$ cat final16.cif   # mmCIF, C-alpha atoms and all ligand atoms; chains and numbers go by the auth columns
data_upload
loop_
_atom_site.group_PDB
_atom_site.id
_atom_site.type_symbol
_atom_site.label_atom_id
_atom_site.label_comp_id
_atom_site.label_asym_id
_atom_site.label_seq_id
_atom_site.Cartn_x
_atom_site.Cartn_y
_atom_site.Cartn_z
_atom_site.B_iso_or_equiv
_atom_site.auth_seq_id
_atom_site.auth_asym_id
ATOM 1 C CA MET A 1 143.923 -29.772 64.625 0.00 1 A
ATOM 2 C CA VAL A 2 146.361 -31.368 62.207 0.00 2 A
ATOM 3 C CA CYS A 3 148.709 -34.365 62.312 0.00 3 A
ATOM 4 C CA LEU A 4 150.040 -36.789 59.696 0.00 4 A
ATOM 5 C CA GLY A 5 147.363 -39.479 59.506 0.00 5 A
ATOM 6 C CA ASN A 6 144.408 -37.830 61.277 0.00 6 A
ATOM 7 C CA ILE A 7 143.783 -41.077 63.135 0.00 7 A
ATOM 8 C CA CYS A 8 145.880 -40.827 66.347 0.00 8 A
ATOM 9 C CA ARG A 9 146.865 -37.359 67.629 0.00 9 A
ATOM 10 C CA SER A 10 144.602 -34.823 65.899 0.00 10 A
ATOM 11 C CA PRO A 11 141.376 -36.784 66.579 0.00 11 A
ATOM 12 C CA LEU A 12 142.266 -36.629 70.287 0.00 12 A
ATOM 13 C CA ALA A 13 143.008 -32.904 70.045 0.00 13 A
ATOM 14 C CA HIS A 14 139.730 -32.415 68.154 0.00 14 A
ATOM 15 C CA GLY A 15 137.723 -34.330 70.780 0.00 15 A
ATOM 16 C CA ILE A 16 139.383 -32.610 73.736 0.00 16 A
ATOM 17 C CA LEU A 17 138.943 -29.124 72.252 0.00 17 A
ATOM 18 C CA GLN A 18 135.305 -29.927 71.406 0.00 18 A
ATOM 19 C CA ARG A 19 134.668 -30.950 75.027 0.00 19 A
ATOM 20 C CA GLU A 20 136.208 -27.711 76.323 0.00 20 A
ATOM 21 C CA ILE A 21 134.254 -25.622 73.803 0.00 21 A
ATOM 22 C CA ASP A 22 131.010 -27.324 74.877 0.00 22 A
ATOM 23 C CA ASP A 23 131.790 -27.040 78.609 0.00 23 A
ATOM 24 C CA LYS A 24 132.648 -23.359 78.303 0.00 24 A
ATOM 25 C CA GLY A 25 129.957 -22.479 75.751 0.00 25 A
ATOM 26 C CA LEU A 26 132.531 -20.898 73.454 0.00 26 A
ATOM 27 C CA GLY A 27 130.701 -21.618 70.194 0.00 27 A
ATOM 28 C CA TRP A 28 133.920 -22.260 68.274 0.00 28 A
ATOM 29 C CA GLU A 29 133.947 -24.636 65.318 0.00 29 A
ATOM 30 C CA VAL A 30 136.608 -27.338 65.503 0.00 30 A
ATOM 31 C CA ASP A 31 137.751 -29.905 62.945 0.00 31 A
ATOM 32 C CA SER A 32 140.792 -32.072 62.331 0.00 32 A
ATOM 33 C CA ALA A 33 142.715 -33.298 59.300 0.00 33 A
ATOM 34 C CA GLY A 34 145.915 -35.060 58.252 0.00 34 A
ATOM 35 C CA THR A 35 148.676 -33.781 55.991 0.00 35 A
ATOM 36 C CA SER A 36 148.778 -37.236 54.334 0.00 36 A
ATOM 37 C CA GLY A 37 145.758 -38.843 52.738 0.00 37 A
ATOM 38 C CA TRP A 38 146.749 -42.309 53.947 0.00 38 A
ATOM 39 C CA HIS A 39 143.750 -42.988 56.167 0.00 39 A
ATOM 40 C CA VAL A 40 141.012 -40.923 54.513 0.00 40 A
ATOM 41 C CA GLY A 41 137.545 -42.054 55.551 0.00 41 A
ATOM 42 C CA GLU A 42 138.789 -44.154 58.490 0.00 42 A
ATOM 43 C CA GLN A 43 137.686 -43.887 62.102 0.00 43 A
ATOM 44 C CA PRO A 44 140.330 -42.858 64.626 0.00 44 A
ATOM 45 C CA ASP A 45 142.825 -45.541 65.701 0.00 45 A
ATOM 46 C CA ALA A 46 141.303 -47.907 68.278 0.00 46 A
ATOM 47 C CA ARG A 47 143.941 -46.835 70.811 0.00 47 A
ATOM 48 C CA SER A 48 142.929 -43.169 70.493 0.00 48 A
ATOM 49 C CA ILE A 49 139.256 -44.128 70.765 0.00 49 A
ATOM 50 C CA GLU A 50 140.077 -46.055 73.946 0.00 50 A
ATOM 51 C CA VAL A 51 142.069 -43.348 75.723 0.00 51 A
ATOM 52 C CA ALA A 52 139.429 -40.778 74.793 0.00 52 A
ATOM 53 C CA MET A 53 136.677 -43.063 76.183 0.00 53 A
ATOM 54 C CA GLN A 54 138.641 -43.506 79.413 0.00 54 A
ATOM 55 C CA ASN A 55 138.489 -39.732 79.736 0.00 55 A
ATOM 56 C CA GLY A 56 134.798 -39.469 78.919 0.00 56 A
ATOM 57 C CA ILE A 57 135.151 -38.363 75.290 0.00 57 A
ATOM 58 C CA ASN A 58 133.575 -40.212 72.365 0.00 58 A
ATOM 59 C CA ILE A 59 135.548 -39.694 69.133 0.00 59 A
ATOM 60 C CA THR A 60 134.070 -42.637 67.213 0.00 60 A
ATOM 61 C CA CYS A 61 132.077 -40.348 64.875 0.00 61 A
ATOM 62 C CA GLN A 62 135.216 -38.697 63.498 0.00 62 A
ATOM 63 C CA LYS A 63 136.497 -39.649 60.028 0.00 63 A
ATOM 64 C CA SER A 64 139.978 -38.979 58.709 0.00 64 A
ATOM 65 C CA ARG A 65 140.296 -36.379 55.975 0.00 65 A
ATOM 66 C CA LYS A 66 143.205 -34.736 54.214 0.00 66 A
ATOM 67 C CA PHE A 67 144.177 -31.176 55.098 0.00 67 A
ATOM 68 C CA LEU A 68 143.107 -28.787 52.334 0.00 68 A
ATOM 69 C CA LYS A 69 144.689 -25.547 51.180 0.00 69 A
ATOM 70 C CA SER A 70 141.244 -23.955 51.672 0.00 70 A
ATOM 71 C CA ASP A 71 141.424 -24.808 55.404 0.00 71 A
ATOM 72 C CA LEU A 72 143.976 -22.003 55.669 0.00 72 A
ATOM 73 C CA GLU A 73 141.261 -19.583 54.532 0.00 73 A
ATOM 74 C CA ASP A 74 138.347 -21.183 56.353 0.00 74 A
ATOM 75 C CA PHE A 75 139.818 -21.445 59.879 0.00 75 A
ATOM 76 C CA ASP A 76 141.282 -18.768 62.148 0.00 76 A
ATOM 77 C CA LEU A 77 143.764 -21.119 63.802 0.00 77 A
ATOM 78 C CA ILE A 78 145.523 -24.180 62.392 0.00 78 A
ATOM 79 C CA ILE A 79 147.218 -26.270 65.060 0.00 79 A
ATOM 80 C CA ALA A 80 150.046 -28.645 64.096 0.00 80 A
ATOM 81 C CA MET A 81 151.128 -31.580 66.260 0.00 81 A
ATOM 82 C CA ASP A 82 154.763 -31.607 65.118 0.00 82 A
ATOM 83 C CA ALA A 83 157.302 -29.637 63.094 0.00 83 A
ATOM 84 C CA GLN A 84 156.811 -31.697 59.938 0.00 84 A
ATOM 85 C CA ASN A 85 153.049 -31.043 60.043 0.00 85 A
ATOM 86 C CA TYR A 86 153.815 -27.353 60.607 0.00 86 A
ATOM 87 C CA GLN A 87 156.095 -27.212 57.563 0.00 87 A
ATOM 88 C CA ASP A 88 153.708 -29.146 55.342 0.00 88 A
ATOM 89 C CA ILE A 89 150.826 -26.830 56.258 0.00 89 A
ATOM 90 C CA CYS A 90 152.914 -23.681 55.803 0.00 90 A
ATOM 91 C CA ALA A 91 153.985 -24.921 52.362 0.00 91 A
ATOM 92 C CA LEU A 92 150.310 -24.693 51.301 0.00 92 A
ATOM 93 C CA SER A 93 149.827 -21.153 52.611 0.00 93 A
ATOM 94 C CA SER A 94 149.573 -18.347 50.108 0.00 94 A
ATOM 95 C CA SER A 95 150.060 -15.297 52.327 0.00 95 A
ATOM 96 C CA GLU A 96 151.668 -14.147 55.562 0.00 96 A
ATOM 97 C CA VAL A 97 148.160 -13.826 57.045 0.00 97 A
ATOM 98 C CA GLU A 98 147.524 -17.537 56.428 0.00 98 A
ATOM 99 C CA LYS A 99 150.977 -18.573 57.639 0.00 99 A
ATOM 100 C CA LYS A 100 150.489 -16.692 60.894 0.00 100 A
ATOM 101 C CA LYS A 101 147.403 -18.808 61.637 0.00 101 A
ATOM 102 C CA VAL A 102 149.584 -21.932 61.898 0.00 102 A
ATOM 103 C CA LYS A 103 150.842 -22.789 65.403 0.00 103 A
ATOM 104 C CA MET A 104 152.422 -25.804 67.053 0.00 104 A
ATOM 105 C CA LEU A 105 150.167 -27.161 69.793 0.00 105 A
ATOM 106 C CA LEU A 106 152.818 -27.661 72.470 0.00 106 A
ATOM 107 C CA ASN A 107 153.980 -24.061 72.179 0.00 107 A
ATOM 108 C CA TYR A 108 150.900 -23.268 74.288 0.00 108 A
ATOM 109 C CA SER A 109 152.416 -25.414 77.091 0.00 109 A
ATOM 110 C CA TYR A 110 156.098 -24.761 76.343 0.00 110 A
ATOM 111 C CA PRO A 111 156.272 -21.359 74.633 0.00 111 A
ATOM 112 C CA GLY A 112 158.913 -21.021 71.933 0.00 112 A
ATOM 113 C CA GLU A 113 160.255 -24.568 72.317 0.00 113 A
ATOM 114 C CA ASN A 114 158.622 -26.046 69.192 0.00 114 A
ATOM 115 C CA ARG A 115 158.130 -29.370 70.958 0.00 115 A
ATOM 116 C CA ALA A 116 156.316 -32.153 69.101 0.00 116 A
ATOM 117 C CA VAL A 117 153.414 -34.260 70.267 0.00 117 A
ATOM 118 C CA PRO A 118 155.173 -37.619 69.701 0.00 118 A
ATOM 119 C CA ASP A 119 153.649 -39.797 67.009 0.00 119 A
ATOM 120 C CA PRO A 120 152.236 -42.814 68.892 0.00 120 A
ATOM 121 C CA TYR A 121 151.205 -44.852 65.806 0.00 121 A
ATOM 122 C CA TYR A 122 154.174 -47.255 65.974 0.00 122 A
ATOM 123 C CA SER A 123 155.604 -46.559 69.419 0.00 123 A
ATOM 124 C CA GLY A 124 152.467 -46.313 71.573 0.00 124 A
ATOM 125 C CA GLY A 125 152.184 -44.042 74.596 0.00 125 A
ATOM 126 C CA PHE A 126 148.606 -42.938 74.000 0.00 126 A
ATOM 127 C CA ASP A 127 148.030 -42.040 77.684 0.00 127 A
ATOM 128 C CA TYR A 128 151.043 -39.714 77.614 0.00 128 A
ATOM 129 C CA VAL A 129 149.931 -38.198 74.302 0.00 129 A
ATOM 130 C CA TYR A 130 146.451 -37.622 75.736 0.00 130 A
ATOM 131 C CA ASP A 131 147.901 -35.792 78.759 0.00 131 A
ATOM 132 C CA LEU A 132 150.185 -33.604 76.630 0.00 132 A
ATOM 133 C CA ILE A 133 147.318 -32.619 74.316 0.00 133 A
ATOM 134 C CA ASN A 134 144.867 -32.070 77.172 0.00 134 A
ATOM 135 C CA ASP A 135 147.214 -29.657 78.991 0.00 135 A
ATOM 136 C CA ALA A 136 148.035 -27.737 75.825 0.00 136 A
ATOM 137 C CA VAL A 137 144.385 -27.427 74.751 0.00 137 A
ATOM 138 C CA LYS A 138 143.472 -25.898 78.110 0.00 138 A
ATOM 139 C CA LYS A 139 146.251 -23.340 77.697 0.00 139 A
ATOM 140 C CA LEU A 140 145.226 -22.683 74.073 0.00 140 A
ATOM 141 C CA ILE A 141 141.745 -21.735 75.275 0.00 141 A
ATOM 142 C CA GLU A 142 143.182 -19.347 77.896 0.00 142 A
ATOM 143 C CA VAL A 143 145.351 -17.650 75.277 0.00 143 A
ATOM 144 C CA GLU A 144 142.915 -17.563 72.349 0.00 144 A
ATOM 145 C CA SER A 145 139.603 -16.771 74.068 0.00 145 A
HETATM 146 P P1 LIG B . 148.824 -39.522 63.493 0.00 201 B
HETATM 147 O O1 LIG B . 149.607 -40.920 63.538 0.00 201 B
HETATM 148 O O2 LIG B . 149.592 -38.645 62.531 0.00 201 B
HETATM 149 O O3 LIG B . 148.903 -39.044 64.898 0.00 201 B
HETATM 150 O O4 LIG B . 147.410 -39.844 63.014 0.00 201 B
HETATM 151 C C1 LIG B . 149.942 -41.668 62.407 0.00 201 B
HETATM 152 C C2 LIG B . 148.990 -42.479 61.821 0.00 201 B
HETATM 153 C C3 LIG B . 149.334 -43.269 60.757 0.00 201 B
HETATM 154 C C4 LIG B . 150.631 -43.239 60.275 0.00 201 B
HETATM 155 C C5 LIG B . 151.573 -42.429 60.862 0.00 201 B
HETATM 156 C C6 LIG B . 151.238 -41.637 61.936 0.00 201 B
HETATM 157 N N1 LIG B . 150.975 -44.075 59.179 0.00 201 B
HETATM 158 O O5 LIG B . 152.205 -44.182 58.889 0.00 201 B
HETATM 159 O O6 LIG B . 150.109 -44.703 58.546 0.00 201 B
#

$ encode --input "final16.cif" --output "structure tokens"
Amino acid sequence: MVCLGNICRSPLAHGILQREIDDKGLGWEVDSAGTSGWHVGEQPDARSIEVAMQNGINITCQKSRKFLKSDLEDFDLIIAMDAQNYQDICALSSSEVEKKKVKMLLNYSYPGENRAVPDPYYSGGFDYVYDLINDAVKKLIEVES
């Protein structure tokens, strides 16, 4: 799960997917990262922690890290929150196989529309962002499992 800062959107996506994996016993490995290194080592934003808590998910153990080129080898699926994340990840890919692993999260809810999970860092709307991610993650599991 990848966004810009790895403190607002992707930590929520990481926590939600982890909950679904645990509930369903899927045994998948999930991680999250940011295309920027601006918040490396930080906990998720307090507003993401809060909305996750309200939904029974504890994301306080997560720490921001920067997306690595090697993630394109190490993971089967790389999920971008918006088109800029998608482009920045694809720019690091070194083959068509790697590029094909990169998907935009909301295409699971709205196929082919390339909609973005809005960046809530400045504008807020964490409840809405949670709902968007939660719906899309459930659809992702249907499609990918
Ligand atoms: P995220 O949100 O990409 O969902 O983690 C942001 C976090 C920090 C910044 C921008 C977006 N920032 O400009 O520091």

$ residues_near_ligand --input "final16.cif" --ligand "ligand LIG 201 (chain B)" --cutoff "10 Å" --atoms "all atoms listed in the file" --output "short mmCIF file (atom, residue, chain, number, x, y, z; two decimals) with C-alpha atoms, in the coordinates of the input"
data_model
loop_
_atom_site.label_atom_id
_atom_site.label_comp_id
_atom_site.auth_asym_id
_atom_site.auth_seq_id
_atom_site.Cartn_x
_atom_site.Cartn_y
_atom_site.Cartn_z
CA VAL A 2 146.36 -31.37 62.21
CA CYS A 3 148.71 -34.36 62.31
CA LEU A 4 150.04 -36.79 59.70
CA GLY A 5 147.36 -39.48 59.51
CA ASN A 6 144.41 -37.83 61.28
CA ILE A 7 143.78 -41.08 63.14
CA CYS A 8 145.88 -40.83 66.35
CA ARG A 9 146.86 -37.36 67.63
CA SER A 10 144.60 -34.82 65.90
CA PRO A 11 141.38 -36.78 66.58
CA LEU A 12 142.27 -36.63 70.29
CA ALA A 13 143.01 -32.90 70.04
CA ALA A 33 142.72 -33.30 59.30
CA GLY A 34 145.92 -35.06 58.25
CA THR A 35 148.68 -33.78 55.99
CA SER A 36 148.78 -37.24 54.33
CA GLY A 37 145.76 -38.84 52.74
CA TRP A 38 146.75 -42.31 53.95
CA HIS A 39 143.75 -42.99 56.17
CA PRO A 44 140.33 -42.86 64.63
CA ASP A 45 142.82 -45.54 65.70
CA SER A 48 142.93 -43.17 70.49
CA SER A 64 139.98 -38.98 58.71
CA MET A 81 151.13 -31.58 66.26
CA ASP A 82 154.76 -31.61 65.12
CA ASN A 85 153.05 -31.04 60.04
CA VAL A 117 153.41 -34.26 70.27
CA PRO A 118 155.17 -37.62 69.70
CA ASP A 119 153.65 -39.80 67.01
CA PRO A 120 152.24 -42.81 68.89
CA TYR A 121 151.21 -44.85 65.81
CA TYR A 122 154.17 -47.26 65.97
CA SER A 123 155.60 -46.56 69.42
CA PHE A 126 148.61 -42.94 74.00
CA VAL A 129 149.93 -38.20 74.30
#

$ closest_residue --input "final16.cif" --among "A:Ser95, A:Gln43, A:Ser145, A:Asn114" --to "A:Leu26" --atoms "only C-alpha atoms"
A:Ser145

$ closest_residue --input "final16.cif" --among "A:Asp74, A:Arg19, A:Lys24, A:Asn107" --to "A:Gly56" --atoms "all atoms listed in the file"
A:Arg19

$ atom_distance --input "final16.cif" --atom1 "atom CA of A:Val40" --atom2 "atom CA of A:Lys63"
7.2 Å

$ resolve_selection --input "final16.cif" --expression "the PyMOL selection byres (((chain A and resi 30) around 8) and not hetatm)" --output "PyMOL selection string"
chain A and resi 1+14+17-18+28-29+31-32

$ resolve_selection --input "final16.cif" --expression "the PyMOL selection byres (((chain A and resi 140) around 12) and not hetatm)" --output "PyMOL selection string"
chain A and resi 1+13+16-17+20-21+77-79+103-111+133-139+141-145

$ resolve_selection --input "final16.cif" --expression "the PyMOL selection byres (((chain A and resi 90) around 12) and not hetatm)" --output "VMD selection string"
chain A and resid 2 35 67 to 69 71 to 72 78 to 80 83 to 89 91 to 104
